[in-house]
Each structure stands twice: as structure tokens, then as C-alpha cells.
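Structure file data28.cif with mmCIF, C-alpha atoms and all ligand atoms; chains and numbers go by the auth columns:
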data_protein
loop_
_atom_site.group_PDB
_atom_site.id
_atom_site.type_symbol
_atom_site.label_atom_id
_atom_site.label_comp_id
_atom_site.label_asym_id
_atom_site.label_seq_id
_atom_site.Cartn_x
_atom_site.Cartn_y
_atom_site.Cartn_z
_atom_site.B_iso_or_equiv
_atom_site.auth_seq_id
_atom_site.auth_asym_id
ATOM 1 C CA MET A 1 0.000 0.000 0.000 0.00 1 A
ATOM 2 C CA LYS A 2 2.838 2.437 0.745 0.00 2 A
ATOM 3 C CA TYR A 3 3.915 2.383 -2.925 0.00 3 A
ATOM 4 C CA ILE A 4 0.637 3.797 -4.202 0.00 4 A
ATOM 5 C CA PRO A 5 1.508 7.456 -3.473 0.00 5 A
ATOM 6 C CA ILE A 6 4.829 6.997 -5.311 0.00 6 A
ATOM 7 C CA LEU A 7 3.032 5.551 -8.336 0.00 7 A
ATOM 8 C CA LEU A 8 0.620 8.456 -8.257 0.00 8 A
ATOM 9 C CA VAL A 9 3.478 10.974 -8.223 0.00 9 A
ATOM 10 C CA LEU A 10 5.258 9.142 -11.050 0.00 10 A
ATOM 11 C CA SER A 11 2.140 9.067 -13.225 0.00 11 A
ATOM 12 C CA LEU A 12 1.537 12.773 -12.625 0.00 12 A
ATOM 13 C CA LEU A 13 5.117 13.494 -13.676 0.00 13 A
ATOM 14 C CA PHE A 14 4.576 11.393 -16.783 0.00 14 A
ATOM 15 C CA LEU A 15 1.397 13.284 -17.684 0.00 15 A
ATOM 16 C CA GLY A 16 3.241 16.563 -17.132 0.00 16 A
ATOM 17 C CA GLY A 17 5.926 15.443 -19.567 0.00 17 A
ATOM 18 C CA CYS A 18 3.304 14.664 -22.228 0.00 18 A
ATOM 19 C CA ALA A 19 1.658 18.061 -21.837 0.00 19 A
ATOM 20 C CA GLU A 20 5.008 19.741 -22.405 0.00 20 A
ATOM 21 C CA LYS A 21 5.562 17.797 -25.605 0.00 21 A
ATOM 22 C CA THR A 22 2.182 18.705 -27.082 0.00 22 A
ATOM 23 C CA GLY A 23 2.911 22.320 -26.116 0.00 23 A
ATOM 24 C CA MET A 24 5.893 22.291 -28.472 0.00 24 A
ATOM 25 C CA VAL A 25 3.779 21.659 -31.571 0.00 25 A
ATOM 26 C CA THR A 26 1.298 24.443 -30.882 0.00 26 A
ATOM 27 C CA ALA A 27 0.315 26.255 -34.069 0.00 27 A
ATOM 28 C CA GLU A 28 1.700 29.725 -34.468 0.00 28 A
ATOM 29 C CA THR A 29 0.356 32.978 -35.833 0.00 29 A
ATOM 30 C CA ILE A 30 2.775 34.852 -38.040 0.00 30 A
ATOM 31 C CA LYS A 31 2.292 38.543 -38.746 0.00 31 A
ATOM 32 C CA VAL A 32 2.778 40.023 -42.203 0.00 32 A
ATOM 33 C CA GLU A 33 2.610 43.791 -42.490 0.00 33 A
ATOM 34 C CA VAL A 34 0.749 45.186 -45.461 0.00 34 A
ATOM 35 C CA SER A 35 1.756 48.690 -46.468 0.00 35 A
ATOM 36 C CA ASP A 36 1.130 50.713 -49.605 0.00 36 A
ATOM 37 C CA ALA A 37 4.590 49.566 -50.734 0.00 37 A
ATOM 38 C CA GLY A 38 3.957 45.839 -50.361 0.00 38 A
ATOM 39 C CA TYR A 39 3.936 42.912 -47.971 0.00 39 A
ATOM 40 C CA SER A 40 6.613 42.521 -45.310 0.00 40 A
ATOM 41 C CA PRO A 41 8.065 39.988 -45.101 0.00 41 A
ATOM 42 C CA ALA A 42 7.167 39.286 -48.717 0.00 42 A
ATOM 43 C CA GLU A 43 7.936 35.598 -48.270 0.00 43 A
ATOM 44 C CA VAL A 44 7.193 33.527 -45.184 0.00 44 A
ATOM 45 C CA THR A 45 7.683 29.831 -44.509 0.00 45 A
ATOM 46 C CA ILE A 46 5.276 28.307 -41.994 0.00 46 A
ATOM 47 C CA ASN A 47 4.212 24.897 -40.756 0.00 47 A
ATOM 48 C CA ILE A 48 0.924 23.239 -41.542 0.00 48 A
ATOM 49 C CA GLY A 49 -1.717 24.495 -39.100 0.00 49 A
ATOM 50 C CA ASP A 50 -0.110 27.910 -38.687 0.00 50 A
ATOM 51 C CA THR A 51 -2.016 31.120 -39.300 0.00 51 A
ATOM 52 C CA ILE A 52 -0.910 34.212 -41.170 0.00 52 A
ATOM 53 C CA SER A 53 -2.220 37.487 -39.873 0.00 53 A
ATOM 54 C CA TRP A 54 -1.999 40.303 -42.441 0.00 54 A
ATOM 55 C CA VAL A 55 -2.105 43.711 -40.813 0.00 55 A
ATOM 56 C CA ASN A 56 -2.861 46.622 -43.108 0.00 56 A
ATOM 57 C CA MET A 57 -0.684 49.515 -41.941 0.00 57 A
ATOM 58 C CA GLY A 58 -1.162 51.436 -45.200 0.00 58 A
ATOM 59 C CA THR A 59 -3.566 54.183 -46.164 0.00 59 A
ATOM 60 C CA ASN A 60 -5.210 52.204 -48.977 0.00 60 A
ATOM 61 C CA ALA A 61 -7.271 49.033 -48.964 0.00 61 A
ATOM 62 C CA HIS A 62 -5.346 45.981 -50.146 0.00 62 A
ATOM 63 C CA THR A 63 -6.163 42.392 -50.938 0.00 63 A
ATOM 64 C CA ILE A 64 -4.408 39.083 -50.450 0.00 64 A
ATOM 65 C CA THR A 65 -5.394 37.154 -53.549 0.00 65 A
ATOM 66 C CA THR A 66 -4.148 34.029 -55.318 0.00 66 A
ATOM 67 C CA LYS A 67 -4.838 33.448 -59.020 0.00 67 A
ATOM 68 C CA ASP A 68 -7.105 30.486 -58.191 0.00 68 A
ATOM 69 C CA ARG A 69 -8.870 32.578 -55.484 0.00 69 A
ATOM 70 C CA TYR A 70 -7.900 30.068 -52.764 0.00 70 A
ATOM 71 C CA LEU A 71 -7.048 33.286 -50.975 0.00 71 A
ATOM 72 C CA ASP A 72 -9.098 36.382 -51.625 0.00 72 A
ATOM 73 C CA LEU A 73 -9.044 38.559 -48.533 0.00 73 A
ATOM 74 C CA SER A 74 -9.601 42.305 -48.399 0.00 74 A
ATOM 75 C CA ALA A 75 -8.045 44.464 -45.711 0.00 75 A
ATOM 76 C CA TYR A 76 -8.960 48.082 -45.171 0.00 76 A
ATOM 77 C CA PRO A 77 -6.479 50.380 -43.401 0.00 77 A
ATOM 78 C CA ASN A 78 -5.931 49.217 -39.791 0.00 78 A
ATOM 79 C CA GLN A 79 -7.744 45.968 -40.499 0.00 79 A
ATOM 80 C CA ILE A 80 -6.327 42.510 -39.795 0.00 80 A
ATOM 81 C CA VAL A 81 -7.263 39.488 -41.878 0.00 81 A
ATOM 82 C CA THR A 82 -6.157 35.928 -41.150 0.00 82 A
ATOM 83 C CA LYS A 83 -5.899 32.572 -42.850 0.00 83 A
ATOM 84 C CA THR A 84 -4.989 29.208 -41.327 0.00 84 A
ATOM 85 C CA PHE A 85 -3.160 26.945 -43.763 0.00 85 A
ATOM 86 C CA ASP A 86 -4.023 23.237 -43.554 0.00 86 A
ATOM 87 C CA LYS A 87 -2.319 22.074 -46.766 0.00 87 A
ATOM 88 C CA THR A 88 1.329 22.166 -47.768 0.00 88 A
ATOM 89 C CA GLY A 89 2.252 24.166 -50.819 0.00 89 A
ATOM 90 C CA THR A 90 3.519 27.450 -52.164 0.00 90 A
ATOM 91 C CA TYR A 91 0.903 30.162 -52.254 0.00 91 A
ATOM 92 C CA GLU A 92 1.805 33.157 -54.389 0.00 92 A
ATOM 93 C CA TYR A 93 -0.507 36.070 -53.842 0.00 93 A
ATOM 94 C CA TYR A 94 -0.906 39.646 -54.998 0.00 94 A
ATOM 95 C CA CYS A 95 -3.099 42.675 -54.446 0.00 95 A
ATOM 96 C CA LYS A 96 -5.975 43.002 -56.910 0.00 96 A
ATOM 97 C CA MET A 97 -5.855 46.791 -56.678 0.00 97 A
ATOM 98 C CA HIS A 98 -2.055 47.052 -56.916 0.00 98 A
ATOM 99 C CA PRO A 99 -0.860 43.987 -58.866 0.00 99 A
ATOM 100 C CA ASN A 100 2.765 45.002 -58.348 0.00 100 A
ATOM 101 C CA MET A 101 2.345 43.984 -54.675 0.00 101 A
ATOM 102 C CA LYS A 102 3.359 40.352 -54.402 0.00 102 A
ATOM 103 C CA GLY A 103 3.858 37.902 -51.585 0.00 103 A
ATOM 104 C CA THR A 104 4.447 34.212 -51.016 0.00 104 A
ATOM 105 C CA VAL A 105 3.473 31.815 -48.240 0.00 105 A
ATOM 106 C CA ILE A 106 5.300 28.482 -48.182 0.00 106 A
ATOM 107 C CA VAL A 107 3.549 25.863 -46.052 0.00 107 A
ATOM 108 C CA GLN A 108 5.697 22.883 -45.128 0.00 108 A
HETATM 109 CU CU CU B . -3.021 46.967 -52.704 0.00 201 B
#

For this file, write the structure as C-alpha cells.
Amino acid sequence: MKYIPILLVLSLLFLGGCAEKTGMVTAETIKVEVSDAGYSPAEVTINIGDTISWVNMGTNAHTITTKDRYLDLSAYPNQIVTKTFDKTGTYEYYCKMHPNMKGTVIVQ
């Protein structure tokens, strides 16, 4: 009977260890600044499950648009738009109103 408390402590330690491990794979949110000059950083590499948060710091409205319209987000000045990526791939996007603005998200 006197071993039961020890087993309890050991199993709690074990559970604690597991919680730490799952904490390491927590999805992240990565910020991309949108200005009237473009996206910064223009290219980001993220892991599957991560979210990009585009923050429009410019004075014009901008979009985050891919040719196939997988992405087609509009951000007004001071607005934040987000997308969580659940598939690997390279996503090249641009602004519909300013097609010279280009960015890339690589999901690995
Ligand atoms: Cu734009």
C-alpha cells in the first residue's frame, strides 16, 4: 500500500511530460505587415496548421489574392485578416488593386 503514493506521483510526472511535448507543436500565428509599398516579409515559410495574420498599416485598402482565389481577402487600413493553412504548398498572392504587390506563403 505504501507504494501507491509513489506511483501516483510518477504518473503525474509522466502526464506533465506529455503536456510539455504537445505544447511544443502548438500552431503559431505569423504577422505580415501590409503597407502601400507591399507585404513585409514578402515571403514567409510556416508549418501546416499555422495562421498568417496580415495587418494593413497602409492608407489604402489591399487584398491578399491568389490566381485560383484560394485566398481572396480584403483588408482596409488598420484591419487585420487571417488565414490558417491546412495544406502544404507554395501560395503566391498579390493585391488586386495594386498587382505590383506580391507575396508568397510556403507551407511545409
Ligand atoms: Cu493593394

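Take the candidates A:Thr84, A:Gln79, A:Thr104, A:Thr66 and check each one against Ser35 of chain A using only C-alpha atoms; the shortest distance goes to A:Gln79.
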
**Study point:** Closest of A:Val81, A:Val34, A:Ile48, A:Val55 to ligand CU 201 (chain B) - atom-to-atom distances counting only C-alpha atoms and all ligand atoms
**Key:** A:Val34

Exercise for review: Choose the residue, out of A:Tyr93, A:Trp54, A:Thr45, A:Thr63, that has the smallest atom-to-atom separation from ligand CU 201 (chain B); count all atoms listed in the file.
Suggested key: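 Using all atoms listed in the file, the shortest distance to ligand CU 201 (chain B) belongs to A:Thr63.
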
Practice item. Residues within 9 Å of ligand CU 201 (chain B) should be enumerated using only C-alpha atoms and all ligand atoms and returned as a list in words. Key: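 Residues satisfying the distance criterion: Val34, Ser35, Asp36, Ala37, Gly38, Gly58, Asn60, Ala61, His62, Thr63, Ile64, Ala75, Tyr94, Cys95, Lys96, Met97, His98, Pro99, Asn100 and Met101 of chain A.
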
Practice item. Convert the output of the PyMOL selection byres (((chain A and resi 53) around 9) and not hetatm) on the shown file into explicit residues, formatted as a PyMOL selection string. Key: chain A and resi 29-33+51-52+54-55+80-84

Saved selection, atoms kept: C-alpha atoms, as a CSV table (one decimal), keeping the file's coordinate frame:
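Contents of out_14.csv, freshly written:
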chain,number,residue,atom,x,y,z
A,29,THR,CA,0.4,33.0,-35.8
A,30,ILE,CA,2.8,34.9,-38.0
A,31,LYS,CA,2.3,38.5,-38.7
A,32,VAL,CA,2.8,40.0,-42.2
A,33,GLU,CA,2.6,43.8,-42.5
A,51,THR,CA,-2.0,31.1,-39.3
A,52,ILE,CA,-0.9,34.2,-41.2
A,54,TRP,CA,-2.0,40.3,-42.4
A,55,VAL,CA,-2.1,43.7,-40.8
A,80,ILE,CA,-6.3,42.5,-39.8
A,81,VAL,CA,-7.3,39.5,-41.9
A,82,THR,CA,-6.2,35.9,-41.2
A,83,LYS,CA,-5.9,32.6,-42.8
A,84,THR,CA,-5.0,29.2,-41.3

Exercise for review: One decimal, Å: what's the distance from atom CA of Asp72 of chain A over to atom CA of Val25 of chain A, could you say?
Suggested key: 28.0 Å

Study note, to complete from the structure: From atom CA of Ser74 of chain A to atom CA of Thr59 of chain A the spacing works out at 13.5 Å

**Study point:** atom CA of Val44 of chain A to atom CA of Leu73 of chain A, distance in Å rounded to a single decimal
**Key:**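 About the pair atom CA of Val44 of chain A and atom CA of Leu73 of chain A: they are 17.3 Å apart.
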
Review point. Counting only C-alpha atoms, which of A:Val107, A:Asp86, A:Tyr70, A:Met57 gets nearest to Tyr39 of chain A?
Key: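 Among A:Val107, A:Asp86, A:Tyr70, A:Met57, it is A:Met57 that comes nearest to Tyr39 of chain A.
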
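Distances from A:Thr88, A:Gln108, A:Tyr76, A:Gly103 to Pro41 of chain A were compared using only C-alpha atoms, and the smallest one belongs to A:Gly103.
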
**Study point:** Matched chain/residue IDs from the PyMOL selection byres (((chain A and resi 27) around 6) and not hetatm), as a list in words
**Key:** Thr26, Glu28, Gly49 and Asp50 of chain A

Step by step, gather every atom of segment 50-69 of chain A that the file lists, find the box along x, y and z that holds them, add 5 Å on each side, and finally give centre and edge lengths in Å to one decimal, as lines of an AutoDock Vina configuration file.
center_x = -4.5
center_y = 41.0
center_z = -48.9
size_x = 18.8
size_y = 36.3
size_z = 30.3
